>>> print(open('structure_38.cif').read())   # mmCIF, C-alpha atoms
data_coords
loop_
_atom_site.label_atom_id
_atom_site.label_comp_id
_atom_site.auth_asym_id
_atom_site.auth_seq_id
_atom_site.Cartn_x
_atom_site.Cartn_y
_atom_site.Cartn_z
CA MET H 14 0.98 19.85 15.60
CA LYS H 15 -2.63 20.74 14.82
CA ARG H 16 -3.51 22.81 11.78
CA THR H 17 -7.02 24.27 11.61
CA LYS H 18 -9.09 24.01 8.43
CA LYS H 19 -6.08 23.45 6.25
CA THR H 20 -6.95 23.14 2.57
CA LEU H 21 -5.78 19.66 1.59
CA LEU H 22 -7.36 19.55 -1.85
CA PHE H 23 -4.45 21.06 -3.64
CA THR H 24 -2.89 20.65 -7.04
CA LEU H 25 0.49 18.97 -6.99
CA VAL H 26 2.67 20.30 -9.78
CA LEU H 27 5.43 17.97 -10.88
CA LEU H 28 8.60 20.06 -10.78
CA TRP H 29 11.38 18.00 -12.29
CA ALA H 30 14.01 20.28 -10.76
CA ALA H 31 12.70 19.25 -7.34
CA GLY H 32 12.40 15.61 -8.37
CA PHE H 33 8.89 14.69 -7.23
CA PRO H 34 8.12 11.17 -8.59
CA LEU H 35 5.59 8.64 -7.33
CA GLN H 36 5.36 5.18 -5.81
CA ALA H 37 1.99 3.57 -4.98
CA GLN H 38 1.35 0.82 -2.45
CA GLU H 39 1.21 -2.87 -3.36
CA GLY H 40 -2.10 -4.65 -3.97
CA VAL H 41 -5.66 -3.52 -4.60
CA ILE H 42 -6.43 -0.74 -2.13
CA PRO H 43 -8.33 -1.89 0.99
CA LEU H 44 -10.96 0.24 2.70
CA SER H 45 -11.00 1.56 6.23
CA GLN H 46 -12.91 -0.13 9.02
CA GLY H 47 -15.64 1.51 11.10
CA ASP H 48 -18.52 3.89 10.47
CA ILE H 49 -16.78 5.88 7.71
CA ARG H 50 -15.41 4.01 4.72
CA PHE H 51 -12.53 5.53 2.81
CA ALA H 52 -9.62 4.30 0.67
CA VAL H 53 -5.96 5.26 1.07
CA ASP H 54 -3.28 4.97 -1.61
CA HIS H 55 0.24 6.39 -1.41
CA ALA H 56 3.10 7.39 -3.67
CA GLY H 57 6.76 8.22 -3.17
CA PHE H 58 8.44 11.23 -4.77
CA MET H 59 12.18 11.87 -4.72
CA ASP H 60 12.82 15.07 -2.83
CA SER H 61 15.61 17.51 -3.77
CA SER H 62 17.41 16.34 -0.61
CA GLY H 63 17.57 12.80 -1.98
CA ARG H 64 14.98 11.45 0.49
CA THR H 65 11.55 10.19 -0.53
CA ARG H 66 8.51 12.40 0.03
CA GLU H 67 5.74 9.86 0.57
CA THR H 68 2.37 11.35 -0.33
CA PHE H 69 -0.88 9.74 0.82
CA PHE H 70 -4.21 10.13 -0.97
CA CYS H 71 -7.51 9.57 0.89
CA GLN H 72 -10.70 9.06 -1.09
CA ILE H 73 -13.99 9.63 0.76
CA GLY H 74 -17.49 9.34 -0.72
CA TYR H 75 -19.91 12.18 -0.04
CA ASP H 76 -22.38 9.60 1.26
CA GLN H 77 -19.89 8.84 4.08
CA VAL H 78 -19.98 12.42 5.38
CA HIS H 79 -22.70 13.82 7.66
CA PHE H 80 -23.84 17.23 6.39
CA VAL H 81 -25.83 19.62 8.59
CA ARG H 82 -27.89 22.44 7.19
CA GLN H 83 -26.61 25.86 8.23
CA GLY H 84 -28.48 28.76 6.72
CA GLY H 85 -28.80 28.17 3.01
CA ARG H 86 -25.93 25.63 2.78
CA TYR H 87 -24.98 22.15 4.01
CA VAL H 88 -21.81 21.89 6.13
CA ALA H 89 -19.73 18.97 7.44
CA ARG H 90 -16.68 19.09 9.68
CA MET H 91 -14.11 16.31 9.53
CA GLU H 92 -10.90 15.62 11.44
CA LEU H 93 -8.11 13.58 9.85
CA THR H 94 -5.26 12.16 11.94
CA ALA H 95 -2.32 10.33 10.35
CA ILE H 96 0.46 8.56 12.27
CA LEU H 97 3.38 6.66 10.74
CA TYR H 98 5.27 3.96 12.66
CA ASP H 99 8.60 2.30 11.88
CA GLY H 100 9.26 -1.44 11.89
CA LYS H 101 9.72 -1.45 15.68
CA GLY H 102 6.39 0.27 16.34
CA ASN H 103 7.87 3.66 17.14
CA GLN H 104 6.00 6.74 15.89
CA ILE H 105 8.27 8.58 13.47
CA ALA H 106 5.81 11.05 11.86
CA GLY H 107 2.27 12.32 12.27
CA ASP H 108 -0.12 15.18 11.75
CA ASN H 109 -3.71 16.25 12.35
CA TRP H 110 -6.08 18.35 10.24
CA ASP H 111 -9.45 20.01 10.65
CA LYS H 112 -11.47 20.36 7.43
CA THR H 113 -14.87 21.87 6.72
CA TYR H 114 -16.84 20.92 3.59
CA GLU H 115 -19.72 22.95 2.20
CA VAL H 116 -22.25 22.19 -0.56
CA LYS H 117 -25.07 24.42 -1.72
CA ASP H 118 -27.96 21.93 -1.68
CA TYR H 119 -29.00 18.47 -0.49
CA ALA H 120 -28.21 16.86 -3.85
CA GLY H 121 -24.57 17.79 -3.32
CA THR H 122 -24.43 15.85 -0.04
CA VAL H 123 -25.09 12.56 -1.84
CA ALA H 124 -23.17 13.24 -5.05
CA SER H 125 -21.66 9.77 -5.49
CA GLY H 126 -19.78 10.80 -8.61
CA ARG H 127 -17.61 13.37 -6.78
CA PRO H 128 -15.58 11.74 -3.99
CA LEU H 129 -13.59 13.92 -1.62
CA LEU H 130 -9.83 13.67 -2.00
CA GLU H 131 -7.40 14.61 0.74
CA SER H 132 -3.59 14.49 0.65
CA PHE H 133 -0.72 14.61 3.14
CA SER H 134 2.98 13.73 2.92
CA PHE H 135 6.08 12.90 4.96
CA LEU H 136 9.81 12.88 4.16
CA LEU H 137 11.04 9.31 4.72
CA ASP H 138 14.09 7.11 4.33
CA PRO H 139 13.80 3.77 2.48
CA GLY H 140 12.16 1.06 4.59
CA THR H 141 8.88 -0.49 5.70
CA TYR H 142 6.43 1.59 7.76
CA ARG H 143 2.87 1.27 9.02
CA LEU H 144 0.25 3.97 8.57
CA ARG H 145 -2.71 4.54 10.87
CA ALA H 146 -5.18 7.09 9.50
CA GLU H 147 -8.33 8.05 11.42
CA LEU H 148 -11.12 10.09 9.88
CA ALA H 149 -13.69 11.45 12.34
CA ASP H 150 -17.00 13.13 11.54
CA VAL H 151 -17.37 15.74 14.28
CA GLY H 152 -21.05 16.36 13.67
CA ALA H 153 -22.09 12.70 13.65
CA ASP H 154 -19.67 11.35 16.29
CA SER H 155 -18.57 8.61 13.87
CA LYS H 156 -15.18 7.59 12.51
CA GLY H 157 -13.27 5.23 10.28
CA ILE H 158 -9.77 3.82 10.78
CA PHE H 159 -7.36 2.72 8.07
CA GLN H 160 -4.21 0.71 8.81
CA GLY H 161 -1.74 -0.55 6.25
CA ASN H 162 1.92 -1.17 5.48
CA VAL H 163 3.95 1.34 3.49
CA LEU H 164 7.05 0.25 1.56
CA VAL H 165 9.33 3.19 0.76
CA PRO H 166 11.93 2.16 -1.85
CA SER H 167 15.34 3.61 -2.53
CA LEU H 168 14.87 5.96 -5.49
CA SER H 169 17.78 7.16 -7.62
CA ARG H 170 18.27 8.91 -10.94
CA GLY H 171 21.59 7.15 -11.41
CA ARG H 172 20.09 3.79 -12.46
CA THR H 173 17.20 2.85 -14.72
CA GLN H 174 14.07 2.34 -12.64
CA PHE H 175 10.37 3.16 -12.43
CA SER H 176 8.28 4.66 -9.74
CA GLU H 177 5.06 2.78 -9.16
CA PRO H 178 2.00 4.17 -10.92
CA VAL H 179 -0.55 6.63 -9.66
CA PHE H 180 -3.97 5.56 -10.95
CA LEU H 181 -6.13 8.18 -12.68
CA THR H 182 -9.73 8.64 -13.75
CA ALA H 183 -8.87 11.14 -16.52
CA PRO H 184 -5.73 12.35 -18.35
CA LEU H 185 -3.54 14.80 -16.44
CA PRO H 186 -3.27 18.35 -17.79
CA GLY H 187 0.05 20.02 -18.49
CA THR H 188 3.13 19.37 -20.61
CA LYS H 189 5.59 16.47 -20.70
CA GLU H 190 7.99 18.51 -18.59
CA SER H 191 5.42 19.61 -16.00
CA LEU H 192 2.26 17.60 -15.32
CA SER H 193 -0.35 18.83 -12.86
CA LEU H 194 -1.58 16.06 -10.55
CA ASP H 195 -5.09 17.46 -10.34
CA PRO H 196 -6.73 15.73 -7.31
CA SER H 197 -10.05 15.47 -9.17
CA ARG H 198 -8.34 13.13 -11.66
CA LEU H 199 -6.69 10.79 -9.17
CA ASN H 200 -8.17 7.38 -8.35
CA PRO H 201 -6.88 6.21 -4.92
CA SER H 202 -9.43 3.37 -4.76
CA ARG H 203 -8.05 1.89 -8.02
CA VAL H 204 -11.61 0.86 -8.92
CA TYR H 205 -12.84 1.44 -12.48
CA PRO H 206 -16.54 1.22 -13.41
CA ASP H 207 -17.72 0.63 -16.97
CA SER H 208 -18.65 4.32 -17.13
CA VAL H 209 -14.85 4.86 -17.14
CA PRO H 210 -13.83 1.73 -19.16
CA THR H 211 -10.17 2.71 -19.34
CA VAL H 212 -7.45 2.15 -16.76
CA ARG H 213 -5.16 5.19 -16.63
CA TRP H 214 -1.93 5.70 -14.77
CA PHE H 215 1.05 7.99 -14.31
CA PHE H 216 4.62 7.03 -13.37
CA VAL H 217 8.18 8.31 -13.54
CA VAL H 218 11.16 6.86 -15.43
CA TYR H 219 14.47 7.48 -13.66
CA GLY H 220 18.00 7.20 -15.00
CA PRO H 221 19.44 6.30 -18.41
CA VAL H 222 17.21 5.11 -21.25
CA PRO H 223 19.20 3.67 -24.20
CA PRO H 224 18.36 4.32 -27.88
CA GLY H 225 15.57 2.12 -29.26
CA ALA H 226 14.09 1.33 -25.83
CA LYS H 227 10.39 0.43 -25.59
CA LEU H 228 7.72 0.47 -22.91
CA LEU H 229 5.46 -2.58 -22.64
CA TYR H 230 2.15 -2.37 -20.76
CA ALA H 231 0.15 -5.51 -19.98
CA VAL H 232 -2.99 -6.31 -17.95
CA SER H 233 -3.28 -9.88 -16.61
CA ASP H 234 -6.15 -11.63 -14.84
CA ALA H 235 -6.07 -13.57 -11.56
CA LEU H 236 -4.78 -16.67 -13.35
CA GLY H 237 -1.87 -14.77 -14.87
CA LYS H 238 -3.32 -14.72 -18.38
CA ARG H 239 -2.49 -11.57 -20.32
CA ARG H 240 -5.79 -9.97 -21.37
CA THR H 241 -4.71 -6.72 -23.05
CA TRP H 242 -1.39 -4.99 -23.76
CA LYS H 243 0.47 -2.49 -25.94
CA THR H 244 4.00 -1.16 -26.58
CA ARG H 245 5.32 2.33 -27.23
CA PRO H 246 8.80 3.83 -27.77
CA CYS H 247 10.58 5.53 -24.87
CA THR H 248 12.76 8.54 -25.63
CA GLU H 249 16.50 8.19 -24.98
CA SER H 250 17.75 9.99 -21.85
CA GLY H 251 20.85 10.42 -19.71
CA PRO H 252 21.83 8.96 -16.29
CA SER H 253 20.51 11.86 -14.19
CA SER H 254 17.18 12.29 -15.96
CA SER H 255 13.63 11.74 -14.68
CA ARG H 256 10.57 11.82 -16.89
CA GLY H 257 6.86 11.58 -16.09
CA ILE H 258 4.73 9.39 -18.36
CA GLN H 259 0.99 8.84 -18.40
CA ASP H 260 -0.78 6.17 -20.44
CA SER H 261 -3.91 3.99 -20.57
CA LEU H 262 -5.47 0.70 -21.71
CA SER H 263 -9.08 -0.04 -22.63
CA LEU H 264 -11.06 -2.36 -20.32
CA PHE H 265 -14.01 -2.97 -22.65
CA SER H 266 -13.05 -6.58 -23.38
CA LEU H 267 -12.47 -7.56 -19.73
CA GLU H 268 -14.74 -9.28 -17.24
CA ALA H 269 -15.36 -7.93 -13.74
CA GLY H 270 -12.58 -8.63 -11.25
CA ALA H 271 -9.08 -7.79 -9.99
CA TYR H 272 -6.24 -7.34 -12.50
CA LEU H 273 -2.49 -6.88 -12.48
CA LEU H 274 -0.97 -4.01 -14.45
CA THR H 275 2.64 -4.69 -15.46
CA PHE H 276 4.82 -2.12 -17.19
CA SER H 277 8.40 -2.76 -18.26
CA LEU H 278 11.21 -1.07 -20.17
CA THR H 279 13.21 -3.12 -22.69
CA ASP H 280 16.30 -2.26 -24.69
CA GLN H 281 16.70 -2.55 -28.45
CA LYS H 282 17.30 -6.32 -28.17
CA GLY H 283 14.25 -6.90 -25.98
CA LYS H 284 16.15 -7.28 -22.70
CA SER H 285 14.22 -6.02 -19.68
CA LEU H 286 15.82 -3.03 -17.98
CA THR H 287 13.26 -2.44 -15.22
CA GLN H 288 9.67 -3.44 -14.35
CA ARG H 289 6.84 -2.57 -11.96
CA GLU H 290 3.48 -4.11 -11.06
CA ALA H 291 0.30 -2.79 -9.44
CA ARG H 292 -3.23 -4.11 -9.02
CA PHE H 293 -6.59 -2.53 -9.79
CA ASP H 294 -10.27 -3.53 -9.93
CA TYR H 295 -12.67 -3.40 -12.85
CA GLN H 296 -16.29 -3.22 -11.70
CA PRO H 297 -18.77 -2.85 -14.57
CA PHE H 298 -22.50 -2.44 -13.92
CA TYR H 299 -23.08 -6.21 -13.71
CA ALA H 300 -20.25 -6.75 -11.16
CA PRO H 301 -22.62 -7.29 -8.18
CA LEU H 302 -24.06 -10.29 -10.01
CA ALA H 303 -21.34 -12.15 -11.90
CA LEU H 304 -17.77 -12.18 -13.19
CA SER H 305 -18.75 -11.90 -16.84
CA TYR H 306 -21.46 -10.26 -18.89
CA GLU H 307 -22.54 -13.68 -20.16
CA GLU H 308 -23.00 -14.95 -16.58
CA ALA H 309 -24.92 -11.80 -15.69
CA LEU H 310 -27.32 -12.49 -18.56
CA GLU H 311 -27.67 -16.11 -17.46
CA LEU H 312 -28.72 -14.87 -14.04
CA LEU H 313 -31.00 -12.21 -15.50
CA GLY H 314 -32.69 -15.03 -17.41
CA TYR H 315 -34.51 -15.92 -14.18
CA LEU H 316 -36.61 -12.79 -14.83
CA ALA H 317 -36.14 -11.74 -18.46
CA THR H 318 -38.18 -12.86 -21.45
CA PRO H 319 -36.39 -14.62 -24.36
CA ALA H 320 -36.77 -11.46 -26.45
CA GLU H 321 -35.22 -9.29 -23.72
CA LEU H 322 -32.30 -11.67 -23.29
CA ASP H 323 -31.70 -11.77 -27.03
CA SER H 324 -31.62 -7.96 -27.14
CA LEU H 325 -29.13 -7.81 -24.25
CA LYS H 326 -26.91 -10.45 -25.85
CA LYS H 327 -26.78 -8.62 -29.17
CA ALA H 328 -25.99 -5.22 -27.65
CA PRO H 329 -22.39 -4.13 -28.48
CA PRO H 330 -20.14 -3.38 -25.47
CA SER H 331 -20.67 0.36 -25.81
CA ALA H 332 -24.49 -0.08 -25.62
CA ARG H 333 -24.69 -2.72 -22.90
CA ARG H 334 -25.21 -0.35 -19.98
CA ALA H 335 -28.04 1.48 -21.78
CA ALA H 336 -29.74 -1.85 -22.62
CA TRP H 337 -29.30 -3.04 -19.04
CA GLU H 338 -30.76 0.15 -17.59
CA SER H 339 -33.68 -0.06 -20.02
CA PHE H 340 -34.43 -3.61 -18.84
CA TRP H 341 -34.64 -2.53 -15.20
CA ARG H 342 -36.45 0.73 -15.96
CA LYS H 343 -39.38 -1.29 -17.31
CA ARG H 344 -39.62 -3.10 -13.95
CA ASP H 345 -39.21 -0.03 -11.73
CA PRO H 346 -42.34 0.23 -9.54
CA SER H 347 -41.54 3.86 -8.66
CA SER H 348 -40.31 5.50 -11.85
CA GLY H 349 -39.16 9.06 -11.39
CA THR H 350 -37.33 8.35 -8.11
CA ASP H 351 -33.66 7.52 -7.53
CA ARG H 352 -34.46 4.02 -6.30
CA ASN H 353 -35.48 0.98 -8.29
CA GLU H 354 -37.00 -1.34 -5.71
CA ALA H 355 -37.31 -4.26 -8.13
CA ARG H 356 -33.60 -4.21 -8.92
CA GLU H 357 -32.67 -3.79 -5.24
CA GLU H 358 -34.78 -6.79 -4.26
CA PHE H 359 -33.25 -8.86 -7.06
CA TYR H 360 -29.71 -8.02 -5.90
CA GLU H 361 -30.67 -8.86 -2.30
CA ARG H 362 -32.02 -12.25 -3.37
CA VAL H 363 -28.84 -13.00 -5.32
CA ALA H 364 -26.72 -12.09 -2.29
CA TYR H 365 -28.85 -14.31 -0.05
CA ALA H 366 -28.55 -17.23 -2.47
CA ASN H 367 -24.78 -16.86 -2.66
CA ASN H 368 -24.45 -16.64 1.12
CA ASN H 369 -26.72 -19.60 1.92
CA PHE H 370 -26.67 -22.05 -0.99
CA SER H 371 -23.11 -21.95 -2.37
CA LEU H 372 -21.42 -25.36 -2.29
CA PHE H 373 -19.98 -26.77 -5.52
CA HIS H 374 -21.28 -23.74 -7.41
CA LYS H 375 -22.18 -20.18 -6.52
CA GLY H 376 -25.53 -20.05 -4.76
CA TRP H 377 -27.31 -18.33 -7.64
CA LYS H 378 -26.46 -21.30 -9.91
CA THR H 379 -28.02 -23.89 -7.58
CA ASP H 380 -31.63 -25.03 -7.81
CA ARG H 381 -32.55 -23.57 -4.43
CA GLY H 382 -30.88 -20.31 -5.41
CA ARG H 383 -32.77 -20.22 -8.69
CA VAL H 384 -36.13 -20.67 -6.97
CA TYR H 385 -35.29 -18.16 -4.23
CA ILE H 386 -34.23 -15.50 -6.73
CA LYS H 387 -37.28 -16.00 -8.93
CA PHE H 388 -39.97 -16.32 -6.24
CA GLY H 389 -38.43 -14.85 -3.09
CA SER H 390 -38.44 -16.29 0.40
CA PRO H 391 -40.85 -19.24 0.87
CA GLU H 392 -43.65 -18.82 3.36
CA GLU H 393 -42.79 -22.15 4.95
CA VAL H 394 -39.91 -24.65 4.67
CA GLU H 395 -40.37 -28.29 5.66
CA ARG H 396 -36.99 -29.96 6.26
CA HIS H 397 -36.26 -33.70 6.44
CA PRO H 398 -32.48 -34.08 6.94
CA PHE H 399 -32.41 -37.51 8.63
CA ASP H 400 -35.24 -39.70 7.28
CA ALA H 401 -34.15 -43.36 7.40
CA ASP H 402 -35.92 -44.51 4.23
CA SER H 403 -35.10 -41.55 1.95
CA PRO H 404 -32.35 -39.06 1.20
CA ALA H 405 -32.52 -35.66 2.86
CA TYR H 406 -35.07 -33.32 1.31
CA GLU H 407 -36.79 -29.95 1.72
CA ILE H 408 -40.20 -28.71 0.65
CA TRP H 409 -40.66 -24.99 0.08
CA TYR H 410 -44.22 -23.70 0.24
CA TYR H 411 -45.46 -20.57 -1.55
CA TYR H 412 -49.10 -20.48 -0.53
CA ALA H 413 -49.90 -17.14 -2.18
CA LEU H 414 -48.59 -18.50 -5.50
CA ASN H 415 -50.13 -21.94 -5.01
CA ARG H 416 -46.74 -23.59 -5.57
CA GLN H 417 -44.45 -25.91 -3.65
CA PHE H 418 -40.96 -27.08 -4.56
CA LEU H 419 -39.26 -30.34 -3.60
CA PHE H 420 -35.45 -30.31 -3.24
CA VAL H 421 -33.63 -33.62 -2.71
CA ASP H 422 -30.02 -34.21 -1.58
CA GLN H 423 -29.53 -37.34 -3.70
CA HIS H 424 -25.87 -37.93 -2.78
CA GLY H 425 -25.82 -36.74 0.83
CA LEU H 426 -23.38 -33.92 0.05
CA GLY H 427 -25.69 -31.00 0.75
CA ASP H 428 -26.37 -30.40 -2.96
CA TYR H 429 -30.15 -30.15 -3.08
CA THR H 430 -31.64 -30.46 -6.56
CA LEU H 431 -35.14 -29.56 -7.69
CA SER H 432 -37.34 -32.62 -8.38
CA ASN H 433 -40.49 -30.96 -9.74
CA TRP H 434 -39.30 -28.66 -12.52
CA GLY H 435 -42.79 -28.51 -14.00
CA VAL H 436 -43.91 -26.33 -11.06
CA TYR H 437 -41.00 -23.94 -11.65
CA LEU H 438 -41.69 -23.64 -15.37
CA ALA H 439 -45.46 -23.25 -15.02
CA LYS H 440 -46.81 -19.85 -16.06
#
>>> encode(input="structure_38.cif", output="structure tokens")
Amino acid sequence: MKRTKKTLLFTLVLLWAAGFPLQAQEGVIPLSQGDIRFAVDHAGFMDSSGRTRETFFCQIGYDQVHFVRQGGRYVARMELTAILYDGKGNQIAGDNWDKTYEVKDYAGTVASGRPLLESFSFLLDPGTYRLRAELADVGADSKGIFQGNVLVPSLSRGRTQFSEPVFLTAPLPGTKESLSLDPSRLNPSRVYPDSVPTVRWFFVVYGPVPPGAKLLYAVSDALGKRRTWKTRPCTESGPSSSRGIQDSLSLFSLEAGAYLLTFSLTDQKGKSLTQREARFDYQPFYAPLALSYEEALELLGYLATPAELDSLKKAPPSARRAAWESFWRKRDPSSGTDRNEAREEFYERVAYANNNFSLFHKGWKTDRGRVYIKFGSPEEVERHPFDADSPAYEIWYYYALNRQFLFVDQHGLGDYTLSNWGVYLAK
């Protein structure tokens, strides 16, 4: 069953005669567990035999792979094992691959913008399965394990239906009749940064499409509110047809978070003929801090001057990243290197505040979180949780700064508020 050094990074050409459509798994894609983190998405194509060829896409960051210098190049050897189980826990398919990666220099080993993409597929009948994929780094003796359910639907050209979408980072090349699923343009993680502020997808329309039919695409937030959408005509087709379609929607107006993409086909009277849904994540540059750009600026206000905040607020969406990077570049203690220690420390303080002070609000919005983010960890904390003649309180001492802060839990609910704001505001 073992295949040595098989080239998995291949180009899948959509041959309509063979009927090779797609179906992706439900929900935002989870990551593997263990030393190596990778994402797995999957898609079902109708095979010429009438069965579904389920294709799995693994996305692995270069920073998850251990490269060893050999001669003038850097080499990594990985082993990928995939096993598929039916609903009773019986193994019904599996395979194992050996793969060697090579890059010419050290910079290539940490190229975060070029994830590795691997693919494998099985012929399956409709039903629910469970996938176990293990990726092992032979040189580093480390591995990651992914486990997830796989729903294989019954696909047919005889009735109007969609495949689920395959998410993309860039438009697919080719013609309407034959699209090349270039692996470098697939997005198995379903995560979109603001450097790619457009969600793109590909899907297949099966079966008859009546005259005057339209496609409706909509993106909704976690509360079900439609945030962006568009419609387009869908060409009439016969009962045995199948047609690949790719499309996109801009994400510029959205906040950071998880979204639901819904696409439906309606007839001339607006009646829905078929519909699909799939989730994706939008993670702009401020995502580690807040759900919206406005919240991110509120948090940045702990450090920024009024003039800097005003400049960031006035920046149009297309210029926000540049303005943000400029703000942090001015505070970089080691300019010319890849790291910005000031920004890293700020993010670490925000994470600490959220993990330790969140109660009725996120930790960074509390008074203790505000002080921690602005001044760092106190040199000493004096706690009084059970004094009989006063509410619970804490005193944080910053001896090097000649400051101390008094936080009082006025209502006994664990919500400590700052009592001496003058100390915080002092220059």
>>> residues_around(input="structure_38.cif", residues="Gly157 (chain H)", least_positions_apart="5", cutoff="7 Å", atoms="only C-alpha atoms", output="PyMOL selection string")
chain H and resi 45-50+147-149
>>> resolve_selection(input="structure_38.cif", expression="the PyMOL selection byres ((chain H and resi 222) around 9)", output="JSON, numbers by chain")
{"H": [173, 218, 219, 220, 221, 223, 224, 225, 226, 247, 248, 249, 250, 251, 252, 254, 278, 280, 286]}
>>> resolve_selection(input="structure_38.cif", expression="the PyMOL selection byres ((chain H and resi 96-103) around 10)", output="ChimeraX atom specification")
/H:94-95,104-109,135,140-147,160-163
>>> write_last_selection(input="structure_38.cif", atoms="C-alpha atoms", output="tab-separated table (two decimals), in the frame of the given file")
chain	number	residue	atom	x	y	z
H	94	THR	CA	-5.26	12.16	11.94
H	95	ALA	CA	-2.32	10.33	10.35
H	104	GLN	CA	6.00	6.74	15.89
H	105	ILE	CA	8.27	8.58	13.47
H	106	ALA	CA	5.81	11.05	11.86
H	107	GLY	CA	2.27	12.32	12.27
H	108	ASP	CA	-0.12	15.18	11.75
H	109	ASN	CA	-3.71	16.25	12.35
H	135	PHE	CA	6.08	12.90	4.96
H	140	GLY	CA	12.16	1.06	4.59
H	141	THR	CA	8.88	-0.49	5.70
H	142	TYR	CA	6.43	1.59	7.76
H	143	ARG	CA	2.87	1.27	9.02
H	144	LEU	CA	0.25	3.97	8.57
H	145	ARG	CA	-2.71	4.54	10.87
H	146	ALA	CA	-5.18	7.09	9.50
H	147	GLU	CA	-8.33	8.05	11.42
H	160	GLN	CA	-4.21	0.71	8.81
H	161	GLY	CA	-1.74	-0.55	6.25
H	162	ASN	CA	1.92	-1.17	5.48
H	163	VAL	CA	3.95	1.34	3.49
>>> atom_distance(input="structure_38.cif", atom1="CA of Leu228 (chain H)", atom2="CA of Pro246 (chain H)")
6.0 Å
>>> atom_distance(input="structure_38.cif", atom1="CA of Ala405 (chain H)", atom2="CA of Asp428 (chain H)")
10.0 Å
>>> closest_residue(input="structure_38.cif", among="H:Ala309, H:Val179, H:Leu419, H:Leu262", to="Val217 (chain H)", atoms="all atoms listed in the file")
H:Val179
>>> build_atoms(input="structure_38.cif", residues="region 247-262 of chain H", atoms="N, CA and C atoms", output="short mmCIF file (atom, residue, chain, number, x, y, z; two decimals), keeping the file's coordinate frame")
data_model
loop_
_atom_site.label_atom_id
_atom_site.label_comp_id
_atom_site.auth_asym_id
_atom_site.auth_seq_id
_atom_site.Cartn_x
_atom_site.Cartn_y
_atom_site.Cartn_z
N CYS H 247 10.22 4.68 -25.99
CA CYS H 247 10.58 5.53 -24.87
C CYS H 247 11.80 6.34 -25.28
N THR H 248 11.71 7.63 -25.17
CA THR H 248 12.76 8.54 -25.63
C THR H 248 14.07 8.32 -24.86
N GLU H 249 15.17 8.34 -25.58
CA GLU H 249 16.50 8.19 -24.98
C GLU H 249 16.75 9.31 -23.98
N SER H 250 17.44 8.98 -22.86
CA SER H 250 17.75 9.99 -21.85
C SER H 250 19.03 9.63 -21.13
N GLY H 251 19.59 10.60 -20.40
CA GLY H 251 20.85 10.42 -19.71
C GLY H 251 20.70 9.87 -18.31
N PRO H 252 21.84 9.60 -17.61
CA PRO H 252 21.83 8.96 -16.29
C PRO H 252 21.10 9.74 -15.21
N SER H 253 21.11 11.07 -15.27
CA SER H 253 20.51 11.86 -14.19
C SER H 253 19.10 12.35 -14.51
N SER H 254 18.49 11.80 -15.53
CA SER H 254 17.18 12.29 -15.96
C SER H 254 16.04 11.65 -15.16
N SER H 255 14.88 12.30 -15.21
CA SER H 255 13.63 11.74 -14.68
C SER H 255 12.50 12.29 -15.53
N ARG H 256 11.60 11.42 -15.95
CA ARG H 256 10.57 11.82 -16.89
C ARG H 256 9.23 11.23 -16.48
N GLY H 257 8.19 12.06 -16.40
CA GLY H 257 6.86 11.58 -16.09
C GLY H 257 6.13 11.11 -17.33
N ILE H 258 5.46 9.97 -17.23
CA ILE H 258 4.73 9.39 -18.36
C ILE H 258 3.34 9.01 -17.88
N GLN H 259 2.33 9.33 -18.67
CA GLN H 259 0.99 8.84 -18.40
C GLN H 259 0.50 8.06 -19.61
N ASP H 260 -0.30 7.01 -19.35
CA ASP H 260 -0.78 6.17 -20.44
C ASP H 260 -2.07 5.48 -20.00
N SER H 261 -2.62 4.62 -20.87
CA SER H 261 -3.91 3.99 -20.57
C SER H 261 -4.10 2.73 -21.41
N LEU H 262 -5.04 1.89 -20.97
CA LEU H 262 -5.47 0.70 -21.71
C LEU H 262 -6.98 0.56 -21.58
#
